>>> print(open('run37.tsv').read())   # TSV, C-alpha atoms and all ligand atoms
chain	number	residue	atom	x	y	z
A	1	MET	CA	-15.41	-11.28	11.49
A	2	LYS	CA	-15.55	-8.74	8.70
A	3	PRO	CA	-14.02	-9.71	5.35
A	4	GLN	CA	-10.50	-8.65	4.42
A	5	LEU	CA	-10.88	-6.00	1.73
A	6	ILE	CA	-8.79	-5.42	-1.36
A	7	LEU	CA	-9.49	-1.96	-2.73
A	8	LEU	CA	-9.00	-1.47	-6.45
A	9	GLY	CA	-9.50	1.85	-8.17
A	10	ALA	CA	-7.89	4.50	-10.32
A	11	PRO	CA	-6.09	7.44	-8.71
A	12	GLY	CA	-8.84	9.98	-8.04
A	13	SER	CA	-11.65	7.41	-7.87
A	14	GLY	CA	-12.29	8.23	-4.21
A	15	LYS	CA	-10.62	5.07	-2.92
A	16	GLY	CA	-8.46	6.93	-0.40
A	17	THR	CA	-11.40	8.82	1.13
A	18	GLN	CA	-13.40	5.61	1.52
A	19	ALA	CA	-10.42	3.77	3.00
A	20	ALA	CA	-10.16	6.46	5.67
A	21	ARG	CA	-13.84	6.02	6.57
A	22	LEU	CA	-13.52	2.24	6.73
A	23	VAL	CA	-10.75	2.79	9.27
A	24	SER	CA	-12.51	5.42	11.38
A	25	GLU	CA	-16.07	4.01	11.27
A	26	LEU	CA	-15.70	0.27	10.78
A	27	SER	CA	-12.39	-0.36	12.60
A	28	TYR	CA	-10.48	-1.55	9.57
A	29	ASN	CA	-6.69	-1.41	9.52
A	30	HIS	CA	-5.23	0.26	6.46
A	31	ILE	CA	-2.32	-1.59	4.91
A	32	SER	CA	-0.23	0.47	2.54
A	33	THR	CA	2.81	-1.44	1.33
A	34	GLY	CA	4.73	1.84	0.92
A	35	ASP	CA	4.18	2.73	4.59
A	36	LEU	CA	5.07	-0.80	5.69
A	37	LEU	CA	8.35	-0.68	3.78
A	38	ARG	CA	9.27	2.65	5.33
A	39	SER	CA	8.48	1.61	8.90
A	40	GLU	CA	10.25	-1.73	8.53
A	41	ILE	CA	13.42	0.08	7.41
A	42	LYS	CA	13.11	2.45	10.37
A	43	SER	CA	12.79	-0.47	12.81
A	44	GLU	CA	16.16	-1.80	11.61
A	45	SER	CA	14.86	-5.39	11.72
A	46	GLU	CA	16.48	-8.09	9.61
A	47	LEU	CA	13.71	-7.69	7.07
A	48	GLY	CA	14.09	-3.91	7.22
A	49	LYS	CA	17.82	-4.16	6.46
A	50	LYS	CA	17.09	-6.45	3.53
A	51	VAL	CA	14.51	-3.98	2.16
A	52	GLN	CA	16.92	-1.08	2.64
A	53	GLY	CA	19.57	-3.00	0.70
A	54	ILE	CA	17.21	-3.61	-2.21
A	55	MET	CA	16.14	0.03	-2.31
A	56	ASN	CA	19.71	1.31	-1.98
A	57	ALA	CA	20.57	-0.73	-5.05
A	58	GLY	CA	17.82	1.15	-6.87
A	59	LYS	CA	15.76	-1.99	-7.35
A	60	LEU	CA	12.06	-2.59	-6.88
A	61	VAL	CA	11.17	-4.64	-3.84
A	62	ASP	CA	10.22	-8.08	-5.13
A	63	ASP	CA	6.86	-9.75	-4.49
A	64	ASN	CA	8.21	-12.30	-2.01
A	65	THR	CA	9.67	-9.58	0.19
A	66	VAL	CA	6.36	-7.67	0.12
A	67	LEU	CA	4.51	-10.85	1.09
A	68	GLU	CA	6.96	-11.47	3.93
A	69	LEU	CA	6.38	-7.92	5.10
A	70	LEU	CA	2.59	-8.34	4.97
A	71	ASN	CA	2.76	-11.55	6.98
A	72	ALA	CA	5.00	-9.94	9.56
A	73	ASN	CA	2.59	-7.03	10.02
A	74	CYS	CA	-0.88	-8.52	9.65
A	75	ASP	CA	-2.77	-10.90	11.89
A	76	LEU	CA	-5.73	-11.87	9.75
A	77	THR	CA	-7.21	-14.12	12.41
A	78	ALA	CA	-7.64	-11.15	14.74
A	79	ASN	CA	-8.08	-8.06	12.55
A	80	ALA	CA	-9.75	-6.88	9.37
A	81	TYR	CA	-7.49	-5.12	6.87
A	82	ILE	CA	-7.78	-3.00	3.78
A	83	PHE	CA	-5.17	-3.85	1.18
A	84	ASP	CA	-4.50	-0.79	-0.94
A	85	GLY	CA	-1.90	-0.60	-3.70
A	86	PHE	CA	-1.27	-4.35	-3.67
A	87	PRO	CA	-1.97	-6.48	-5.70
A	88	ARG	CA	-1.20	-4.66	-8.94
A	89	ASN	CA	-1.24	-7.66	-11.26
A	90	TYR	CA	-2.71	-11.16	-11.63
A	91	GLU	CA	0.36	-12.89	-10.20
A	92	GLN	CA	0.38	-10.69	-7.08
A	93	ALA	CA	-3.35	-11.28	-6.57
A	94	ASN	CA	-2.74	-15.01	-6.66
A	95	LEU	CA	0.23	-14.74	-4.27
A	96	LEU	CA	-1.75	-12.60	-1.84
A	97	ASP	CA	-4.34	-15.39	-1.62
A	98	THR	CA	-1.96	-18.30	-1.24
A	99	GLU	CA	0.67	-16.65	0.98
A	100	VAL	CA	-1.26	-14.14	3.08
A	101	MET	CA	-5.05	-14.57	2.93
A	102	LYS	CA	-5.03	-18.37	3.13
A	103	ASP	CA	-8.39	-19.28	4.74
A	104	ALA	CA	-9.46	-15.73	5.54
A	105	LYS	CA	-12.67	-14.44	4.01
A	106	SER	CA	-11.85	-11.71	1.52
A	107	SER	CA	-13.53	-9.49	-1.00
A	108	ALA	CA	-12.18	-7.21	-3.71
A	109	VAL	CA	-13.92	-3.91	-4.35
A	110	TYR	CA	-13.53	-2.08	-7.63
A	111	PHE	CA	-14.27	1.65	-7.60
A	112	ASP	CA	-15.89	1.69	-11.00
A	113	ILE	CA	-15.78	5.02	-12.79
A	114	ASP	CA	-15.62	6.24	-16.38
A	115	LEU	CA	-11.94	7.03	-16.88
A	116	ASP	CA	-12.59	9.92	-19.26
A	117	LYS	CA	-14.89	11.57	-16.72
A	118	LEU	CA	-12.28	10.91	-14.06
A	119	ALA	CA	-9.60	12.58	-16.20
A	120	ALA	CA	-11.85	15.64	-16.57
A	121	ARG	CA	-12.48	15.71	-12.83
A	122	LEU	CA	-8.76	15.53	-12.03
A	123	THR	CA	-7.60	18.13	-14.53
A	124	ASN	CA	-10.25	20.56	-13.26
A	125	ARG	CA	-9.17	20.23	-9.66
A	126	ARG	CA	-7.71	23.33	-8.01
A	127	THR	CA	-6.26	23.64	-4.54
A	128	CYS	CA	-6.03	26.72	-2.35
A	129	SER	CA	-2.44	27.72	-1.66
A	130	GLY	CA	-3.55	29.19	1.66
A	131	CYS	CA	-5.90	26.81	3.47
A	132	GLY	CA	-5.71	23.71	1.26
A	133	GLU	CA	-9.41	23.71	0.33
A	134	ILE	CA	-10.05	21.69	-2.83
A	135	TYR	CA	-12.21	23.03	-5.66
A	136	ASN	CA	-13.37	21.62	-8.95
A	137	LEU	CA	-14.06	23.91	-11.88
A	138	LEU	CA	-16.80	21.52	-13.07
A	139	SER	CA	-18.66	20.75	-9.87
A	140	LYS	CA	-17.43	23.06	-7.12
A	141	ALA	CA	-16.11	26.26	-8.68
A	142	PRO	CA	-15.09	29.18	-6.45
A	143	ALA	CA	-17.38	32.23	-6.51
A	144	LYS	CA	-14.57	34.32	-7.98
A	145	GLU	CA	-12.29	32.71	-10.53
A	146	GLY	CA	-8.91	31.67	-9.14
A	147	VAL	CA	-9.67	32.86	-5.59
A	148	CYS	CA	-10.48	30.77	-2.51
A	149	ASP	CA	-13.98	31.37	-1.08
A	150	LEU	CA	-12.77	30.64	2.43
A	151	CYS	CA	-9.53	32.55	2.82
A	152	GLY	CA	-9.09	34.69	-0.31
A	153	GLU	CA	-5.75	33.15	-1.32
A	154	SER	CA	-5.09	32.08	-4.90
A	155	LEU	CA	-5.97	28.66	-6.30
A	156	ALA	CA	-3.46	26.50	-8.12
A	157	GLN	CA	-3.36	23.23	-9.99
A	158	ARG	CA	-1.24	20.49	-8.47
A	159	LYS	CA	1.63	19.48	-10.74
A	160	ASP	CA	0.40	15.89	-11.10
A	161	ASP	CA	-3.11	17.07	-12.07
A	162	ASN	CA	-2.01	18.45	-15.43
A	163	GLU	CA	-3.52	16.80	-18.48
A	164	GLU	CA	-0.42	14.94	-19.63
A	165	THR	CA	0.36	13.43	-16.22
A	166	VAL	CA	-3.25	12.49	-15.55
A	167	LYS	CA	-3.49	10.77	-18.94
A	168	THR	CA	-0.34	8.76	-18.28
A	169	ARG	CA	-1.41	7.73	-14.76
A	170	LEU	CA	-4.82	6.58	-15.94
A	171	GLN	CA	-3.37	4.72	-18.92
A	172	VAL	CA	-0.98	2.80	-16.66
A	173	PHE	CA	-3.93	1.96	-14.43
A	174	LYS	CA	-6.07	0.85	-17.38
A	175	ASP	CA	-3.30	-1.38	-18.72
A	176	THR	CA	-2.89	-3.26	-15.46
A	177	ILE	CA	-6.31	-3.44	-13.81
A	178	ASP	CA	-8.21	-5.83	-16.10
A	179	PRO	CA	-6.28	-9.00	-15.23
A	180	VAL	CA	-6.63	-8.19	-11.52
A	181	LEU	CA	-10.39	-7.72	-11.89
A	182	ALA	CA	-10.57	-10.97	-13.86
A	183	TYR	CA	-8.73	-12.80	-11.09
A	184	TYR	CA	-11.26	-11.81	-8.42
A	185	GLU	CA	-14.20	-12.26	-10.77
A	186	GLU	CA	-13.16	-15.86	-11.43
A	187	SER	CA	-13.33	-16.66	-7.74
A	188	GLY	CA	-16.63	-14.80	-7.25
A	189	ARG	CA	-15.12	-12.23	-4.92
A	190	LEU	CA	-15.38	-9.06	-6.98
A	191	ALA	CA	-17.78	-6.28	-6.01
A	192	ARG	CA	-18.11	-3.30	-8.33
A	193	ILE	CA	-19.16	-0.05	-6.71
A	194	ASP	CA	-20.27	2.93	-8.79
A	195	ALA	CA	-17.60	5.44	-7.73
A	196	SER	CA	-19.32	8.31	-9.55
A	197	LEU	CA	-21.98	8.41	-6.84
A	198	ALA	CA	-21.85	10.66	-3.77
A	199	PRO	CA	-19.27	9.60	-1.15
A	200	ASP	CA	-22.00	8.75	1.40
A	201	VAL	CA	-23.73	6.45	-1.08
A	202	VAL	CA	-20.44	4.73	-1.92
A	203	PHE	CA	-19.70	4.28	1.77
A	204	ALA	CA	-23.14	2.79	2.41
A	205	ALA	CA	-22.46	0.23	-0.31
A	206	LEU	CA	-19.12	-0.61	1.27
A	207	ARG	CA	-20.72	-1.00	4.69
A	208	ASP	CA	-23.33	-3.38	3.25
A	209	LEU	CA	-20.57	-5.41	1.70
A	210	THR	CA	-18.71	-5.81	4.98
A	211	GLU	CA	-21.90	-6.91	6.73
A	212	ALA	CA	-22.98	-9.38	4.06
A	301	ZN	ZN	-8.25	28.98	1.10
>>> encode(input="run37.tsv", output="structure tokens")
Amino acid sequence: MKPQLILLGAPGSGKGTQAARLVSELSYNHISTGDLLRSEIKSESELGKKVQGIMNAGKLVDDNTVLELLNANCDLTANAYIFDGFPRNYEQANLLDTEVMKDAKSSAVYFDIDLDKLAARLTNRRTCSGCGEIYNLLSKAPAKEGVCDLCGESLAQRKDDNEETVKTRLQVFKDTIDPVLAYYEESGRLARIDASLAPDVVFAALRDLTEA
């Protein structure tokens, strides 16, 4: 049985890309709490109605409800999961262990990357308005400035890639990640992967980890 994986990384660290490969190549199931909340509401289950009520009141879904949702949707004795977006703090990491993981083997992976370099990478990202191709002015610039190599349409910056927004997102991440890393470090379950390396190299490291 492969270990349950908790993926920890800043927005833009490549976590999402790697999660997709873990699903397609190593048969992991991707657990996003946001998706779970939405599908539970849609199913109109008791839990779904409760979640809908909390959200209608404009409140954040509390930890216990998230844990209940995870337990209702995960069978850790039969499947290997990637937990992404939860836990976000020390308390949630602890609760995930005691209420969901229990005896399951688990490992946390931190996508380690210099946050200043990451900020530069994100603010230099440009997306084609025609075909969706993604460019980076630092590492993958188009042949002609502002024009897509593939389809000739114009390139634009996504709204949440502007400097101010990127700075805020990364600061929020920085403020909350350390206690979570400390939690997994204390129990000897933290693996740090150099997320500045090529995606294939990062994936190879992840594969090794799941086979260890
Ligand atoms: Zn294009």
>>> closest_atom_pairs(input="run37.tsv", of="chain A", to="ligand ZN 301 (chain A)", cutoff="7 Å", atoms="all atoms listed in the file", output="tab-separated table")
residue	atom	partner	partner_atom	distance
A:Cys128	CA	A:ZN301	ZN	4.7
A:Ser129	CA	A:ZN301	ZN	6.6
A:Gly130	CA	A:ZN301	ZN	4.7
A:Cys131	CA	A:ZN301	ZN	4.0
A:Gly132	CA	A:ZN301	ZN	5.9
A:Glu133	CA	A:ZN301	ZN	5.5
A:Cys148	CA	A:ZN301	ZN	4.6
A:Asp149	CA	A:ZN301	ZN	6.6
A:Leu150	CA	A:ZN301	ZN	5.0
A:Cys151	CA	A:ZN301	ZN	4.2
A:Gly152	CA	A:ZN301	ZN	5.9
A:Glu153	CA	A:ZN301	ZN	5.4
>>> atom_distance(input="run37.tsv", atom1="atom CA of Ser106 of chain A", atom2="atom CA of Lys2 of chain A")
8.6 Å
>>> residues_around(input="run37.tsv", residues="segment 9-11 of chain A", least_positions_apart="2", cutoff="6 Å", atoms="all atoms listed in the file", output="NGL selection string")
:A and (13 or 110-111)
>>> write_last_selection(input="run37.tsv", atoms="C-alpha atoms", output="compact mmCIF listing (two decimals), in the frame of the given file")
# COMPACT_ATOMS: atom_id res chain seq x y z
CA SER A 13 -11.65 7.41 -7.87
CA TYR A 110 -13.53 -2.08 -7.63
CA PHE A 111 -14.27 1.65 -7.60
>>> residues_around(input="run37.tsv", residues="Leu190 of chain A", least_positions_apart="3", cutoff="7 Å", atoms="only C-alpha atoms", output="list in words")
Ser107, Ala108, Val109, Tyr184 and Glu185 of chain A
>>> residues_around(input="run37.tsv", residues="Leu70 of chain A", least_positions_apart="5", cutoff="10 Å", atoms="only C-alpha atoms", output="ChimeraX atom specification")
/A:31-33,36-37,64-65,75,83,96,99-100
>>> write_last_selection(input="run37.tsv", atoms="C-alpha atoms", output="short mmCIF file (atom, residue, chain, number, x, y, z; two decimals), keeping the file's coordinate frame")
data_model
loop_
_atom_site.label_atom_id
_atom_site.label_comp_id
_atom_site.auth_asym_id
_atom_site.auth_seq_id
_atom_site.Cartn_x
_atom_site.Cartn_y
_atom_site.Cartn_z
CA ILE A 31 -2.32 -1.59 4.91
CA SER A 32 -0.23 0.47 2.54
CA THR A 33 2.81 -1.44 1.33
CA LEU A 36 5.07 -0.80 5.69
CA LEU A 37 8.35 -0.68 3.78
CA ASN A 64 8.21 -12.30 -2.01
CA THR A 65 9.67 -9.58 0.19
CA ASP A 75 -2.77 -10.90 11.89
CA PHE A 83 -5.17 -3.85 1.18
CA LEU A 96 -1.75 -12.60 -1.84
CA GLU A 99 0.67 -16.65 0.98
CA VAL A 100 -1.26 -14.14 3.08
#
>>> closest_residue(input="run37.tsv", among="A:Lys49, A:Arg207, A:Arg192, A:Arg125", to="Glu25 of chain A", atoms="only C-alpha atoms")
A:Arg207
>>> closest_atom_pairs(input="run37.tsv", of="segment 27-116 of chain A", to="segment 161-175 of chain A", cutoff="10 Å", atoms="only C-alpha atoms", output="Markdown table")
| residue | atom | partner | partner_atom | distance |
| --- | --- | --- | --- | --- |
| A:Arg88 | CA | A:Phe173 | CA | 9.0 |
| A:Asn89 | CA | A:Asp175 | CA | 10.0 |
| A:Leu115 | CA | A:Leu170 | CA | 7.2 |
| A:Asp116 | CA | A:Leu170 | CA | 9.1 |
>>> write_last_selection(input="run37.tsv", atoms="C-alpha atoms", output="PDB file, in the coordinates of the input")
ATOM      1  CA  ARG A  88      -1.200  -4.660  -8.940  1.00  0.00           C
ATOM      2  CA  ASN A  89      -1.240  -7.660 -11.260  1.00  0.00           C
ATOM      3  CA  LEU A 115     -11.940   7.030 -16.880  1.00  0.00           C
ATOM      4  CA  ASP A 116     -12.590   9.920 -19.260  1.00  0.00           C
TER       5      ASP A 116
END
>>> atom_distance(input="run37.tsv", atom1="atom CA of Leu76 of chain A", atom2="atom CA of Ala93 of chain A")
16.5 Å
>>> closest_residue(input="run37.tsv", among="A:Pro199, A:Gly146, A:Pro3, A:Pro179", to="Asn94 of chain A", atoms="all atoms listed in the file")
A:Pro179
>>> closest_residue(input="run37.tsv", among="A:Met55, A:Ala80, A:Leu197, A:Ala182", to="Ile41 of chain A", atoms="all atoms listed in the file")
A:Met55
>>> closest_residue(input="run37.tsv", among="A:Ser154, A:Ile113, A:Lys102, A:Glu68", to="Val202 of chain A", atoms="all atoms listed in the file")
A:Ile113
>>> closest_residue(input="run37.tsv", among="A:Gly85, A:Gly58, A:Gly16, A:Gly53", to="Phe203 of chain A", atoms="only C-alpha atoms")
A:Gly16
>>> atom_distance(input="run37.tsv", atom1="atom CA of Glu186 of chain A", atom2="atom CA of Lys105 of chain A")
15.5 Å
>>> closest_residue(input="run37.tsv", among="A:Asp178, A:Thr210, A:Ser196, A:Leu47", to="Tyr90 of chain A", atoms="only C-alpha atoms")
A:Asp178
>>> residues_around(input="run37.tsv", residues="Ala204 of chain A", least_positions_apart="3", cutoff="12 Å", atoms="all atoms listed in the file", output="list in words")
Gln18, Arg21, Leu22, Glu25, Leu26, Ile193, Asp194, Ala195, Leu197, Ala198, Pro199, Asp200, Val201, Arg207, Asp208, Leu209, Thr210 and Glu211 of chain A
